[in-house]
$ cat input.cif   # mmCIF, C-alpha atoms
data_model
#
loop_
_atom_site.label_atom_id
_atom_site.label_comp_id
_atom_site.auth_asym_id
_atom_site.auth_seq_id
_atom_site.Cartn_x
_atom_site.Cartn_y
_atom_site.Cartn_z
CA MET R 186 10.08 -34.47 -18.53
CA GLN R 187 11.16 -37.15 -16.09
CA ASP R 188 14.79 -36.13 -16.71
CA ILE R 189 14.06 -32.49 -15.81
CA LEU R 190 12.19 -33.26 -12.59
CA GLY R 191 14.35 -36.21 -11.57
CA ASP R 192 12.86 -38.52 -8.97
CA LEU R 193 10.13 -36.19 -7.74
CA SER R 194 7.81 -37.66 -5.13
CA PHE R 195 5.28 -36.27 -2.72
CA THR R 196 4.25 -37.98 0.49
CA TYR R 197 1.23 -37.28 2.64
CA TRP R 198 3.54 -35.14 4.79
CA THR R 199 4.16 -32.88 1.81
CA TRP R 200 0.44 -32.22 1.55
CA PHE R 201 -0.06 -31.73 5.29
CA ILE R 202 2.81 -29.22 5.34
CA ALA R 203 1.24 -27.50 2.31
CA THR R 204 -2.02 -27.37 4.31
CA LEU R 205 -0.26 -25.55 7.15
CA ILE R 206 1.42 -23.15 4.73
CA PHE R 207 -1.92 -22.34 3.07
CA LEU R 208 -3.54 -21.79 6.49
CA GLY R 209 -0.67 -19.48 7.45
CA LEU R 210 -1.11 -17.51 4.24
CA GLU R 211 -4.86 -17.30 4.93
CA MET R 212 -4.14 -15.66 8.27
CA ILE R 213 -1.66 -13.17 6.78
CA LEU R 214 -3.28 -12.21 3.47
CA PRO R 215 -6.79 -10.84 2.86
CA GLY R 216 -9.45 -12.94 1.20
CA ILE R 217 -10.60 -16.48 1.69
CA VAL R 218 -8.78 -18.19 -1.20
CA PHE R 219 -6.03 -19.96 0.74
CA LEU R 220 -8.56 -21.62 3.06
CA TRP R 221 -9.98 -23.55 0.11
CA LEU R 222 -6.50 -24.52 -1.07
CA ALA R 223 -5.68 -25.72 2.46
CA ILE R 224 -8.79 -27.90 2.45
CA ALA R 225 -7.82 -29.35 -0.94
CA ALA R 226 -4.25 -30.04 0.24
CA ALA R 227 -5.55 -31.76 3.39
CA VAL R 228 -7.88 -33.97 1.33
CA VAL R 229 -5.07 -34.93 -1.06
CA GLY R 230 -2.85 -35.64 1.96
CA GLY R 231 -5.50 -38.00 3.30
CA VAL R 232 -5.84 -39.74 -0.06
CA VAL R 233 -2.05 -40.12 -0.37
CA PHE R 234 -1.94 -41.50 3.18
CA LEU R 235 -4.42 -44.21 2.15
CA LEU R 236 -2.95 -44.78 -1.33
CA SER R 237 0.78 -44.26 -0.83
CA ASP R 238 1.80 -45.52 -4.27
CA MET R 239 0.07 -42.64 -6.09
CA THR R 240 2.25 -40.81 -8.65
CA TRP R 241 3.04 -37.14 -8.22
CA GLU R 242 1.21 -36.33 -11.46
CA MET R 243 -1.96 -37.90 -10.08
CA GLN R 244 -1.51 -36.03 -6.79
CA ILE R 245 -1.19 -32.68 -8.57
CA THR R 246 -4.24 -33.54 -10.69
CA LEU R 247 -6.25 -34.40 -7.56
CA PHE R 248 -5.09 -31.20 -5.86
CA THR R 249 -6.22 -29.16 -8.87
CA ILE R 250 -9.62 -30.86 -8.94
CA PHE R 251 -10.15 -30.57 -5.18
CA SER R 252 -8.99 -26.93 -5.21
CA ILE R 253 -11.50 -25.96 -7.88
CA LEU R 254 -14.22 -27.97 -6.17
CA SER R 255 -13.56 -26.48 -2.72
CA ILE R 256 -13.42 -22.91 -4.09
CA VAL R 257 -16.70 -23.32 -5.98
CA LEU R 258 -18.49 -25.02 -3.07
CA GLY R 259 -17.04 -22.60 -0.52
CA ARG R 260 -18.08 -19.52 -2.47
CA LYS R 261 -21.55 -21.00 -3.02
CA HIS R 262 -21.89 -21.73 0.70
CA ILE R 263 -20.90 -18.17 1.63
CA SER R 264 -23.23 -16.58 -0.93
CA ASP R 265 -26.14 -18.83 0.11
CA ARG R 266 -25.76 -17.53 3.65
CA GLY R 267 -25.93 -13.92 2.45
CA GLY R 268 -22.18 -13.31 2.39
CA ILE R 269 -19.89 -12.78 5.31
CA GLU R 270 -22.01 -11.51 8.16
CA THR R 271 -21.13 -8.90 10.71
CA GLU R 272 -23.05 -7.38 13.58
CA GLU R 273 -21.78 -3.98 12.47
CA GLU R 274 -24.26 -2.80 9.81
CA THR R 275 -22.17 0.26 8.97
CA LEU R 276 -18.85 -1.58 8.65
CA ASN R 277 -16.90 -0.01 5.76
CA LYS R 278 -19.56 2.72 5.52
CA ARG R 279 -17.86 5.35 7.63
CA GLY R 280 -20.24 8.15 6.71
CA GLU R 281 -23.33 6.13 7.66
CA ALA R 282 -21.72 5.31 10.99
CA LEU R 283 -21.67 9.06 11.75
CA ILE R 284 -25.44 9.51 11.47
CA GLY R 285 -26.81 10.54 14.87
CA ARG R 286 -23.42 11.64 16.16
CA THR R 287 -22.80 15.15 17.50
CA VAL R 288 -19.82 16.87 15.87
CA THR R 289 -18.11 20.26 16.07
CA VAL R 290 -18.32 22.87 13.33
CA ALA R 291 -14.74 23.59 12.22
CA VAL R 292 -15.44 26.09 9.42
CA ALA R 293 -18.59 28.14 9.95
CA ILE R 294 -21.59 26.92 8.00
CA ARG R 295 -22.72 29.85 5.85
CA ASP R 296 -25.22 29.77 3.02
CA GLY R 297 -25.81 26.10 3.82
CA TYR R 298 -22.20 24.87 3.52
CA GLY R 299 -19.19 24.55 5.82
CA LYS R 300 -16.99 21.94 7.45
CA VAL R 301 -17.29 19.83 10.58
CA LYS R 302 -14.57 18.03 12.49
CA VAL R 303 -14.99 14.31 13.15
CA GLY R 304 -12.05 13.04 15.17
CA ASP R 305 -9.06 14.46 13.31
CA THR R 306 -10.80 14.65 9.92
CA LEU R 307 -12.70 17.53 8.32
CA TRP R 308 -15.91 16.64 6.49
CA SER R 309 -17.96 18.87 4.21
CA ALA R 310 -21.22 19.75 5.87
CA ALA R 311 -24.57 21.01 4.64
CA GLY R 312 -27.18 22.53 6.91
CA SER R 313 -28.46 25.67 8.53
CA ASP R 314 -25.94 28.37 9.39
CA ALA R 315 -23.77 27.72 12.44
CA ASP R 316 -20.64 29.35 13.84
CA ALA R 317 -17.29 27.59 14.19
CA GLY R 318 -17.18 25.69 17.48
CA ALA R 319 -20.93 25.02 17.54
CA GLN R 320 -22.14 21.47 18.16
CA VAL R 321 -24.35 19.99 15.41
CA LYS R 322 -25.92 16.60 14.90
CA VAL R 323 -25.33 14.54 11.74
CA THR R 324 -28.70 13.58 10.22
CA ALA R 325 -27.72 12.08 6.86
CA ILE R 326 -24.90 11.66 4.37
CA ASP R 327 -24.85 12.46 0.66
CA GLY R 328 -21.63 11.28 -0.98
CA ASN R 329 -18.94 12.77 1.28
CA THR R 330 -21.08 15.64 2.60
CA LEU R 331 -22.71 15.32 5.99
CA SER R 332 -26.15 16.83 6.49
CA VAL R 333 -26.28 18.47 9.91
CA GLU R 334 -28.77 20.36 12.07
#
$ encode --input "input.cif" --output "structure tokens"
Amino acid sequence: MQDILGDLSFTYWTWFIATLIFLGLEMILPGIVFLWLAIAAAVVGGVVFLLSDMTWEMQITLFTIFSILSIVLGRKHISDRGGIETEEETLNKRGEALIGRTVTVAVAIRDGYGKVKVGDTLWSAAGSDADAGAQVKVTAIDGNTLSVE
């Protein structure tokens, strides 16, 4: 294998550059995976800085171990804190965010069903009869149907 790879060697700069690349990927791509890889690369860079005669095979082995360790510990830390927190309780729950909001009836509500306009989107609505153009208040959501009054 030495013949295939030639005189392959990594320095601590290789690992610090890898750290920056992983941090850049973390900013561009969704998820928190590259953060843990960046931490592992930075740790290996520090070890290689202190032990400069380390072989590339040992460096890759250390990177693998530190990557797995940082991913496991990072995920455990996030789950112990209750996940990623946000002040927005209805984040990614668009329908729940509409509860309490006044909306306009777009298609008259007859026999309990019609459509309301929220921004530029039409939602199915359930509630007492109302003419198109009437203002109604969203009281609940069931699937993708808004309950209005």
$ residues_around --input "input.cif" --residues "region 190-204 of chain R" --least-positions-apart "4" --cutoff "6 Å" --atoms "only C-alpha atoms" --output "list in words"
Ala223, Ala226, Ala227, Gly230, Val233, Phe234 and Trp241 of chain R
$ write_last_selection --input "input.cif" --atoms "C-alpha atoms" --output "compact mmCIF listing (two decimals), in the frame of the given file"
# COMPACT_ATOMS: atom_id res chain seq x y z
CA ALA R 223 -5.68 -25.72 2.46
CA ALA R 226 -4.25 -30.04 0.24
CA ALA R 227 -5.55 -31.76 3.39
CA GLY R 230 -2.85 -35.64 1.96
CA VAL R 233 -2.05 -40.12 -0.37
CA PHE R 234 -1.94 -41.50 3.18
CA TRP R 241 3.04 -37.14 -8.22
$ atom_distance --input "input.cif" --atom1 "CA of Arg286 (chain R)" --atom2 "CA of Val323 (chain R)"
5.6 Å
$ atom_distance --input "input.cif" --atom1 "CA of Leu205 (chain R)" --atom2 "CA of Gly231 (chain R)"
14.0 Å
$ atom_distance --input "input.cif" --atom1 "CA of Ser309 (chain R)" --atom2 "CA of Ile284 (chain R)"
14.0 Å
$ closest_residue --input "input.cif" --among "R:Leu307, R:Leu254, R:Ile206, R:Met212" --to "Val290 (chain R)" --atoms "only C-alpha atoms"
R:Leu307
$ residues_around --input "input.cif" --residues "Val257 (chain R)" --least-positions-apart "5" --cutoff "12 Å" --atoms "only C-alpha atoms" --output "NGL selection string"
:R and (217-218 or 221-222 or 225 or 250-252 or 262-264)
$ closest_residue --input "input.cif" --among "R:Leu258, R:Leu331, R:Ala325, R:Ala282" --to "Ile294 (chain R)" --atoms "all atoms listed in the file"
R:Leu331
$ residues_around --input "input.cif" --residues "Val321 (chain R)" --least-positions-apart "2" --cutoff "10 Å" --atoms "only C-alpha atoms" --output "MDAnalysis selection string"
chainID R and resid 285:290 301 312:313 315 318:319 323:324 332:334
$ residues_around --input "input.cif" --residues "Ala293 (chain R)" --least-positions-apart "6" --cutoff "6 Å" --atoms "all atoms listed in the file" --output "MDAnalysis selection string"
chainID R and resid 299 315:317
